[in-house]
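Below you'll find the structure, written out as structure tokens, and then a few comments.
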Number of protein chains: 2
Amino acid sequence: MSLDSTVHAKAIDLIKLNYEMTSEAGSGHPTSGASLAHIVTVLMYAHMRYEPSNPAHPGADRLVLSEGHAVPIVYAACADKSVMVGKDKDSWRAMTRADALTLRQLDSIVDGHPNPVEGFPFFDAATGSLGQGLSVAAGLAIAAKANELDKRIFVLIGDGESREGQIWEAVDFIKDHDLKAVCPIFNCNVYAQSDIVSAQQSRKATEKKLAAAGYEVLVIDGHAPKEIIEALNKHAEVQASGEGNPIAIVAKTVKGWGAVSQQGNGHHGSAVKKGEALDAVLAEYDEVAKECGAYALGGLRIPDMSPRKSVKKEAGAVVGFGDALKQFGMGDAIDAGKIATRKAYGVAIRALGHVNTEVFSLDCDVQGSTFASMFAKDEQINSRFVECRIAEQNMMSVAAGLSAGGKIPFASTFAKFAVRGYDQIEMAVNSGANLKIVGSHAGITLGADGPSQMGMTDVGWFRTFTTMKRKDGEPGFYVLTPSDGYQCYALVKEMANYDGPCYLRTIRPDTEFLYSDDDEFKLGGHEVLCKGKDLLICASGYMVHVASAALEELYDAGVDATLVDMYSLPFDEEEILDLANECDGRILTLEDNYGGGLGSAVADVIAADGGGFEVNQMFVKKCPKSALSGDEMLNACGLGVEDVVREAKEMLGIS
Amino acid sequence: MSLDSTVHAKAIDLIKLNYEMTSEAGSGHPTSGASLAHIVTVLMYAHMRYEPSNPAHPGADRLVLSEGHAVPIVYAACADKSVMVGKDKDSWRAMTRADALTLRQLDSIVDGHPNPVEGFPFFDAATGSLGQGLSVAAGLAIAAKANELDKRIFVLIGDGESREGQIWEAVDFIKDHDLKAVCPIFNCNVYAQSDIVSAQQSRKATEKKLAAAGYEVLVIDGHAPKEIIEALNKHAEVQASGEGNPIAIVAKTVKGWGAVSQQGNGHHGSAVKKGEALDAVLAEYDEVAKECGAYALGGLRIPDMSPRKSVKKEAGAVVGFGDALKQFGMGDAIDAGKIATRKAYGVAIRALGHVNTEVFSLDCDVQGSTFASMFAKDEQINSRFVECRIAEQNMMSVAAGLSAGGKIPFASTFAKFAVRGYDQIEMAVNSGANLKIVGSHAGITLGADGPSQMGMTDVGWFRTFTTMKRKDGEPGFYVLTPSDGYQCYALVKEMANYDGPCYLRTIRPDTEFLYSDDDEFKLGGHEVLCKGKDLLICASGYMVHVASAALEELYDAGVDATLVDMYSLPFDEEEILDLANECDGRILTLEDNYGGGLGSAVADVIAADGGGFEVNQMFVKKCPKSALSGDEMLNACGLGVEDVVREAKEMLGIS
């Protein structure tokens, strides 16, 4: 009973602060916090093994708050426990109650939703866009397993939130990979924003679905301390033994627990007004404290962390592309003088996997197409291959979790299907993750399969992140479109060596070699393939080859053009301006996707300069369809060699 | 037995053609087709009520092939049944076997994956990006119900595909809305691309999950004609009676059925080589035909379509914004002189709902934030409100289905969460859908909730579609960012009157009225708010108000600027160039999201012109966080009034 009293007392304390914080901020979701108060209390005061003095400890148990809007209740616990906060470890300090009351303010470390990069290292990932936390936890669990850490990862998931399909992708994924370290806790507090949750998300329906997915489901009263503790202990046992089905906890809770005035429909996401209204709610809690015999009798203690080490190994040097091809039995490509960049990616990720044990390869059942299969089928390294099946949202968040666990995840699928995970990718960027996305079959050179498989908007979307900067001053994303195998291989190495988000765009058809192992490529770089004075052609990927063929014809017509392989966004703006200047300011850009990509990036620079340069953008201006070859599709979209020749001549006034 | 024989004979015929087509194309997925052959045969020859002479008949039963890569088997049946094909109804002709053999060719009407806009009206929606078909079917079912049509919608879903969370969003949605017209058929052929499907997608697991979700599950042998027919008849009964749980069919099938050489792992997505290899496979089928007693004994007949009418009502005139505000008890806003555009959207969709019975409102449990609640709570129209709960992917595909059913769906959620449905939106664009997306809380003026709730990349992504054209010559998307309530209201009306995809971007804070009911706005339009000669400021949404405040200060400093409210992408390029010209080519663009949006759209035009104009783009250049107000956040991101004044002065060399 003393435990019950103490947990109630602490939970009520936290709930009250959670109301005060949101009232002070004038917004937030205090009733969601109240529904989680007892679970958070048990976890953070008596169950999770962590050190408030080092919330980022790699060996510590982790808490992922998937329903991010409930965050004030966790902030309240952290303030009470003096958990360290601050942007850099050097400037960490113990969180205070005063910090908590700065919720949502511009200079506050406690953001409206979990946001580790603003100074809250207790969290691994930004959440708040719903349905992602369970996948992030799965990634953390895989990283922990690889590091031989027995830590557990607790995930708090809302009942309304569990309508998101990604939750069920994660449920399947955790079962597939037997990630018993993950402890999913479904918070069934009945009310969503607009109404009672669907009967499909009722406590009973959730229980049935989890059982159908092969879980052992523990249904508890989420406000009964003993039941919470027993369920968590059961999870610990199952994790330790490794036996049986994974555990999922389904907690019956009350939204606005303890304050009748805050319960029922219409109390989602509304803070109580400061002053009388807030005082009345706080008084309700004082009454409830008496009713349920809440006294701080002590007895809550954070368990010790068992001595654990994180194994981080030195990465060796990666061999050259030519050697890697021979080593992997693909020497024929050298003789043929060509290879598809998607294949070069496969070679690169496999070679990298051998020398860098932090590198993971993830794929969504298309490894034979993306060539992640080269990693997946190599028995020396494929313990670090993660088959995510056909579920892109989950893959992207798992990758974010792996990154938070210190790994370097390369997540590959078709560029078209990567779109499914854009929100998850953005949340990873917000989390400061070290994410490598690989989109294959990009652009219209895919040909035969048609537009349902072609990445057409990927450059446009990822480019938005190249226009903003991360806290370290680096761009939000590097977008890399290699034109040949050597370049692709080198860029994959660069991606692994760089700590931040990169998107690699590979294509289906073979492209001839333009480079060798002696050429160097860097994030933010470009390569001048030939220099002229009449016209600057900026191209990337397959379009470099189209431009190259066009240049031969143009040369015969007396045109002396510069061709730049613009394999990176962003790029060195000054250098591109200089090259344009040398060509009298006439620029032709080529890309195999819809507009808003490379051409716009160049236009941004030129227009900002105001030097009177002219940018003629060639890109795909209609919805593509199937065609038997990539070249046929390029011609159909006005992007063939002859189209480039014609446009170039028109720009130069040559008939 | 005669039925069995006949179905086997027909199925084998179709399978053979399905192999021949893919061999001719040199790519495709014939083994997936073989696994569906008997189901497709029963459906298209003996069960579905449709007219081959009018595959687009609004009253006909529909087939949605969610696993789009299996499409050759459906093409084979359509060729055999002389189903009409062609881009426009005027040029329709009966499909032939020769048409089938043009699979994947540039000029073919049979694309690599289902693609209605290329001339295949039998399909309602482009599929091939997996996991979307069941949601599309749900949308078709809602449209049919509204039109009092008793048609049924059959959906073929792959087992590997059912890993996609969207499938389970749709499963919940169909149960929630009791859409018994939808007949989901899970094709459990065991093999995915890279391997056997996960045990989580086994036939048994799928059966359990569907039962847990409240379905009556019929497990059948998908190659046993009688079992197929019985299950489909049971579905018809349940639909007709309206009693009991919805039906789902789980079919055990064999990938590469009939040809042992084509079965097992490694036979996904590989065509058989023409010549000997193909002949050998076809010979296998001839043998199988003998073994299973396949003879075309007749007896298959497409059932008659019951006489049904589609009810299409005339839309009346929508009242003005001022009147609508008063009518809905929001006259206070007129006195206050301001309203948030998200609220104006609520007013507009409600007013529209009253006069246009084709308009549907969809929302993902945020109706109180997007103000779709105004439609949802109006009992005269809310039979056309569709609560989609927290599942954005499903909502976007349901909207695509509603559009295919002739409705005008407005799908609203936070701009940030709409990202979850980008792939679904792109597939809807590919399908030629009439989709209206409404993203609220866009940009950084959301303030308090932080970056997990702010739409930052939406303009960049939707803009890629503004650079390409649909078959009707219209842009792939109109992107609309209204700056005040009157404009928002008028644009929602325009969206409804236009047949094509539009994205409306609304914001959280109130903005002062700039316009009245007398002002006219159009897709592709812009509004010149004041005209000067020193500087052209292009802004949209909230930034129009920031610019307006800056202009006052600039005016005092002797600067005479033009301010254009660029509420639409794309826009009239010539007119913007003219305005820039009148301001000596100095342009300042303002937006409250990451780059790649309005500023880049303007830069594209200016750079293409090459006239020496200068575009200074102001946008968000770092990841935002929480702040108590929108203005505070704007200032923190360098987009406040003073920032605009300073930039403008710098451009003009004024200190």
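Each chain in the structure tokens gets a letter, A, B, ..., in the order shown, and its residues are numbered from 1; ligands are numbered from 1 in order too.
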Check segment 50-167 of chain B with DSSP on the backbone and list each residue it calls helix (DSSP H, G or I), as a count of residues only.
42
Taking the backbone alone, and naming residues the way the document does, which bits of segment 51-272 of chain B are strand (DSSP E or B) by DSSP, as a compact mmCIF listing (two decimals) with N, CA and C atoms, in the first residue's frame?
# COMPACT_ATOMS: atom_id res chain seq x y z
N ARG B 62 -16.95 -2.68 -59.77
CA ARG B 62 -15.58 -2.23 -60.10
C ARG B 62 -14.55 -3.23 -59.61
N LEU B 63 -13.44 -3.25 -60.30
CA LEU B 63 -12.31 -4.07 -59.87
C LEU B 63 -11.12 -3.14 -59.61
N VAL B 64 -10.60 -3.17 -58.39
CA VAL B 64 -9.40 -2.39 -58.07
C VAL B 64 -8.26 -3.37 -57.85
N LEU B 65 -7.26 -3.28 -58.69
CA LEU B 65 -6.12 -4.19 -58.58
C LEU B 65 -5.04 -3.51 -57.74
N MET B 84 -13.85 -2.17 -73.90
CA MET B 84 -13.50 -0.96 -74.64
C MET B 84 -12.30 -0.25 -74.01
N VAL B 85 -11.44 0.25 -74.87
CA VAL B 85 -10.26 1.00 -74.43
C VAL B 85 -10.10 2.26 -75.26
N ARG B 93 -12.51 1.82 -78.52
CA ARG B 93 -12.62 0.66 -79.42
C ARG B 93 -12.43 -0.59 -78.57
N ALA B 94 -12.84 -1.73 -79.11
CA ALA B 94 -12.75 -2.98 -78.35
C ALA B 94 -11.30 -3.43 -78.28
N ILE B 153 -17.45 -3.41 -55.09
CA ILE B 153 -16.08 -3.08 -55.50
C ILE B 153 -15.15 -4.18 -55.00
N PHE B 154 -14.57 -4.89 -55.94
CA PHE B 154 -13.67 -6.00 -55.62
C PHE B 154 -12.23 -5.50 -55.62
N VAL B 155 -11.50 -5.87 -54.59
CA VAL B 155 -10.12 -5.39 -54.47
C VAL B 155 -9.19 -6.58 -54.33
N LEU B 156 -8.19 -6.65 -55.16
CA LEU B 156 -7.19 -7.73 -55.10
C LEU B 156 -5.93 -7.19 -54.45
N ILE B 157 -5.58 -7.80 -53.31
CA ILE B 157 -4.48 -7.30 -52.48
C ILE B 157 -3.44 -8.42 -52.32
N GLY B 158 -2.18 -8.10 -52.52
CA GLY B 158 -1.13 -9.09 -52.36
C GLY B 158 -0.83 -9.36 -50.89
N VAL B 182 -17.58 -3.13 -50.43
CA VAL B 182 -16.18 -3.45 -50.74
C VAL B 182 -15.93 -4.93 -50.44
N CYS B 183 -15.32 -5.60 -51.38
CA CYS B 183 -15.00 -7.01 -51.19
C CYS B 183 -13.48 -7.18 -51.27
N PRO B 184 -12.79 -7.17 -50.12
CA PRO B 184 -11.33 -7.30 -50.15
C PRO B 184 -10.95 -8.78 -50.34
N ILE B 185 -10.08 -9.02 -51.28
CA ILE B 185 -9.62 -10.39 -51.54
C ILE B 185 -8.09 -10.42 -51.37
N PHE B 186 -7.63 -11.07 -50.34
CA PHE B 186 -6.19 -11.15 -50.09
C PHE B 186 -5.62 -12.35 -50.85
N ASN B 187 -4.71 -12.06 -51.73
CA ASN B 187 -4.11 -13.08 -52.59
C ASN B 187 -2.84 -13.61 -51.93
N CYS B 188 -2.98 -14.70 -51.19
CA CYS B 188 -1.85 -15.21 -50.41
C CYS B 188 -1.07 -16.23 -51.23
N TYR B 191 4.95 -15.78 -51.94
CA TYR B 191 6.24 -15.21 -52.30
C TYR B 191 6.17 -13.71 -52.61
N ILE B 196 10.10 -15.44 -49.30
CA ILE B 196 8.78 -15.78 -48.78
C ILE B 196 8.30 -14.60 -47.93
N GLU B 216 -15.79 -10.97 -41.07
CA GLU B 216 -16.04 -12.39 -41.27
C GLU B 216 -15.10 -12.82 -42.39
N VAL B 217 -14.20 -13.74 -42.06
CA VAL B 217 -13.15 -14.10 -43.01
C VAL B 217 -13.48 -15.41 -43.69
N LEU B 218 -13.47 -15.39 -45.01
CA LEU B 218 -13.70 -16.61 -45.78
C LEU B 218 -12.37 -17.04 -46.38
N VAL B 219 -11.89 -18.20 -45.95
CA VAL B 219 -10.63 -18.70 -46.48
C VAL B 219 -10.94 -19.68 -47.61
N ILE B 220 -10.36 -19.44 -48.76
CA ILE B 220 -10.67 -20.30 -49.91
C ILE B 220 -9.39 -20.72 -50.62
N ASP B 221 -9.52 -21.76 -51.43
CA ASP B 221 -8.49 -22.11 -52.39
C ASP B 221 -8.71 -21.22 -53.60
N ILE B 247 -17.32 -8.76 -45.01
CA ILE B 247 -16.64 -9.98 -45.46
C ILE B 247 -15.24 -9.63 -45.96
N ALA B 248 -14.28 -10.47 -45.65
CA ALA B 248 -12.99 -10.42 -46.33
C ALA B 248 -12.65 -11.83 -46.79
N ILE B 249 -12.13 -11.93 -47.98
CA ILE B 249 -11.78 -13.24 -48.53
C ILE B 249 -10.26 -13.40 -48.49
N VAL B 250 -9.82 -14.50 -47.95
CA VAL B 250 -8.39 -14.81 -47.94
C VAL B 250 -8.18 -16.02 -48.85
N ALA B 251 -7.49 -15.80 -49.94
CA ALA B 251 -7.34 -16.85 -50.95
C ALA B 251 -5.94 -17.44 -50.91
N LYS B 252 -5.90 -18.74 -50.71
CA LYS B 252 -4.62 -19.46 -50.82
C LYS B 252 -4.34 -19.66 -52.31
Quick one: residues within 12 Å of Gly331 of chain B, only C-alpha atoms counted, chain neighbours fewer than 6 positions away excluded, as an MDAnalysis selection string?
chainID B and resid 321:325 337:339 347
For those residues, write N, CA and C atoms to a file as a compact mmCIF listing (two decimals), in the first residue's frame.
# COMPACT_ATOMS: atom_id res chain seq x y z
N PHE B 321 -19.05 35.63 -48.60
CA PHE B 321 -18.39 35.28 -47.33
C PHE B 321 -19.07 36.00 -46.16
N GLY B 322 -19.34 37.28 -46.38
CA GLY B 322 -19.96 38.07 -45.31
C GLY B 322 -21.29 37.47 -44.88
N ASP B 323 -22.10 37.12 -45.87
CA ASP B 323 -23.40 36.52 -45.56
C ASP B 323 -23.22 35.16 -44.87
N ALA B 324 -22.26 34.39 -45.35
CA ALA B 324 -22.04 33.07 -44.76
C ALA B 324 -21.62 33.20 -43.30
N LEU B 325 -20.75 34.15 -43.02
CA LEU B 325 -20.31 34.37 -41.64
C LEU B 325 -21.51 34.65 -40.75
N GLY B 337 -12.82 42.38 -38.01
CA GLY B 337 -12.03 42.68 -39.20
C GLY B 337 -10.93 41.67 -39.48
N LYS B 338 -11.05 40.51 -38.94
CA LYS B 338 -10.02 39.50 -39.18
C LYS B 338 -10.55 38.10 -38.89
N ILE B 339 -9.89 37.14 -39.49
CA ILE B 339 -10.23 35.73 -39.27
C ILE B 339 -9.06 34.90 -39.77
N VAL B 347 -15.92 27.91 -43.01
CA VAL B 347 -17.11 28.62 -43.47
C VAL B 347 -17.41 28.26 -44.93
Would you mind telling me which residue in B:Ser483, B:Asn265, B:Thr466, B:Asn245 lies nearest to chain A when using only C-alpha atoms?
B:Thr466
What separation in Å, quoted to one decimal, exists between atom CA of Lys175 of chain A and atom CA of Gln201 of chain A?
20.3 Å
Excluding same-chain residues fewer than 6 positions from segment 49-61 of chain B, what lies within 7 Å of it counting only C-alpha atoms, as a ChimeraX atom specification?
/B:81-84,121-122,149,151-153,302-305,308,310
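Between Asp195 of chain B and the residues A:Met468, A:Val605, A:Ala376, A:Cys623, the shortest atom-to-atom distance, using only C-alpha atoms, involves A:Ala376.
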Can you tell me, as an MDAnalysis selection string, what residues are no more than 10 Å from Asp365 of chain B when counting only C-alpha atoms, ignoring any on the same chain fewer than 5 positions away?
(chainID A and resid 160:161 192:195 197) or (chainID B and resid 370 372:373 387:392 412:413)
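All residues of protein, DNA or RNA that reach within 9 Å of Ser369 of chain B, judged by only C-alpha atoms and not counting those fewer than 5 positions away in the chain, are B:Arg342, B:Lys343, B:Thr413, B:Phe414, B:Ser440, B:His441, B:Arg508.
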May I have the residues within 9 Å of Asp107 of chain B as a short mmCIF file (atom, residue, chain, number, x, y, z; two decimals) with N, CA, C and O atoms, in the first residue's frame, using only C-alpha atoms and disregarding those fewer than 4 positions away in the same chain?
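Ended up saving to out-v4.cif:
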data_model
loop_
_atom_site.label_atom_id
_atom_site.label_comp_id
_atom_site.auth_asym_id
_atom_site.auth_seq_id
_atom_site.Cartn_x
_atom_site.Cartn_y
_atom_site.Cartn_z
N SER A 626 4.64 4.12 -69.38
CA SER A 626 5.58 3.06 -69.71
C SER A 626 6.19 3.28 -71.09
O SER A 626 5.54 3.83 -71.99
N ALA A 627 7.40 2.81 -71.26
CA ALA A 627 8.04 2.71 -72.57
C ALA A 627 9.08 1.62 -72.43
O ALA A 627 9.53 1.34 -71.32
N THR B 102 1.03 -5.36 -76.86
CA THR B 102 1.82 -4.11 -76.87
C THR B 102 2.17 -3.65 -75.46
O THR B 102 2.66 -2.53 -75.26
#
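Proximity ranking of B:His354, B:His29, B:Lys290, B:Arg104 relative to Ile12 of chain B places B:Lys290 first, based on only C-alpha atoms.
Here atom CA of Val136 of chain B stands at a distance of 19.3 Å from atom CA of Gly119 of chain B.
Put simply, atom CA of Gly500 of chain A is 7.4 Å away from atom CA of Gly432 of chain A.
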Nearest-residue call for chain B, choices A:Gly269, A:Pro246, A:Gly450, A:Pro475, using only C-alpha atoms:
A:Gly450
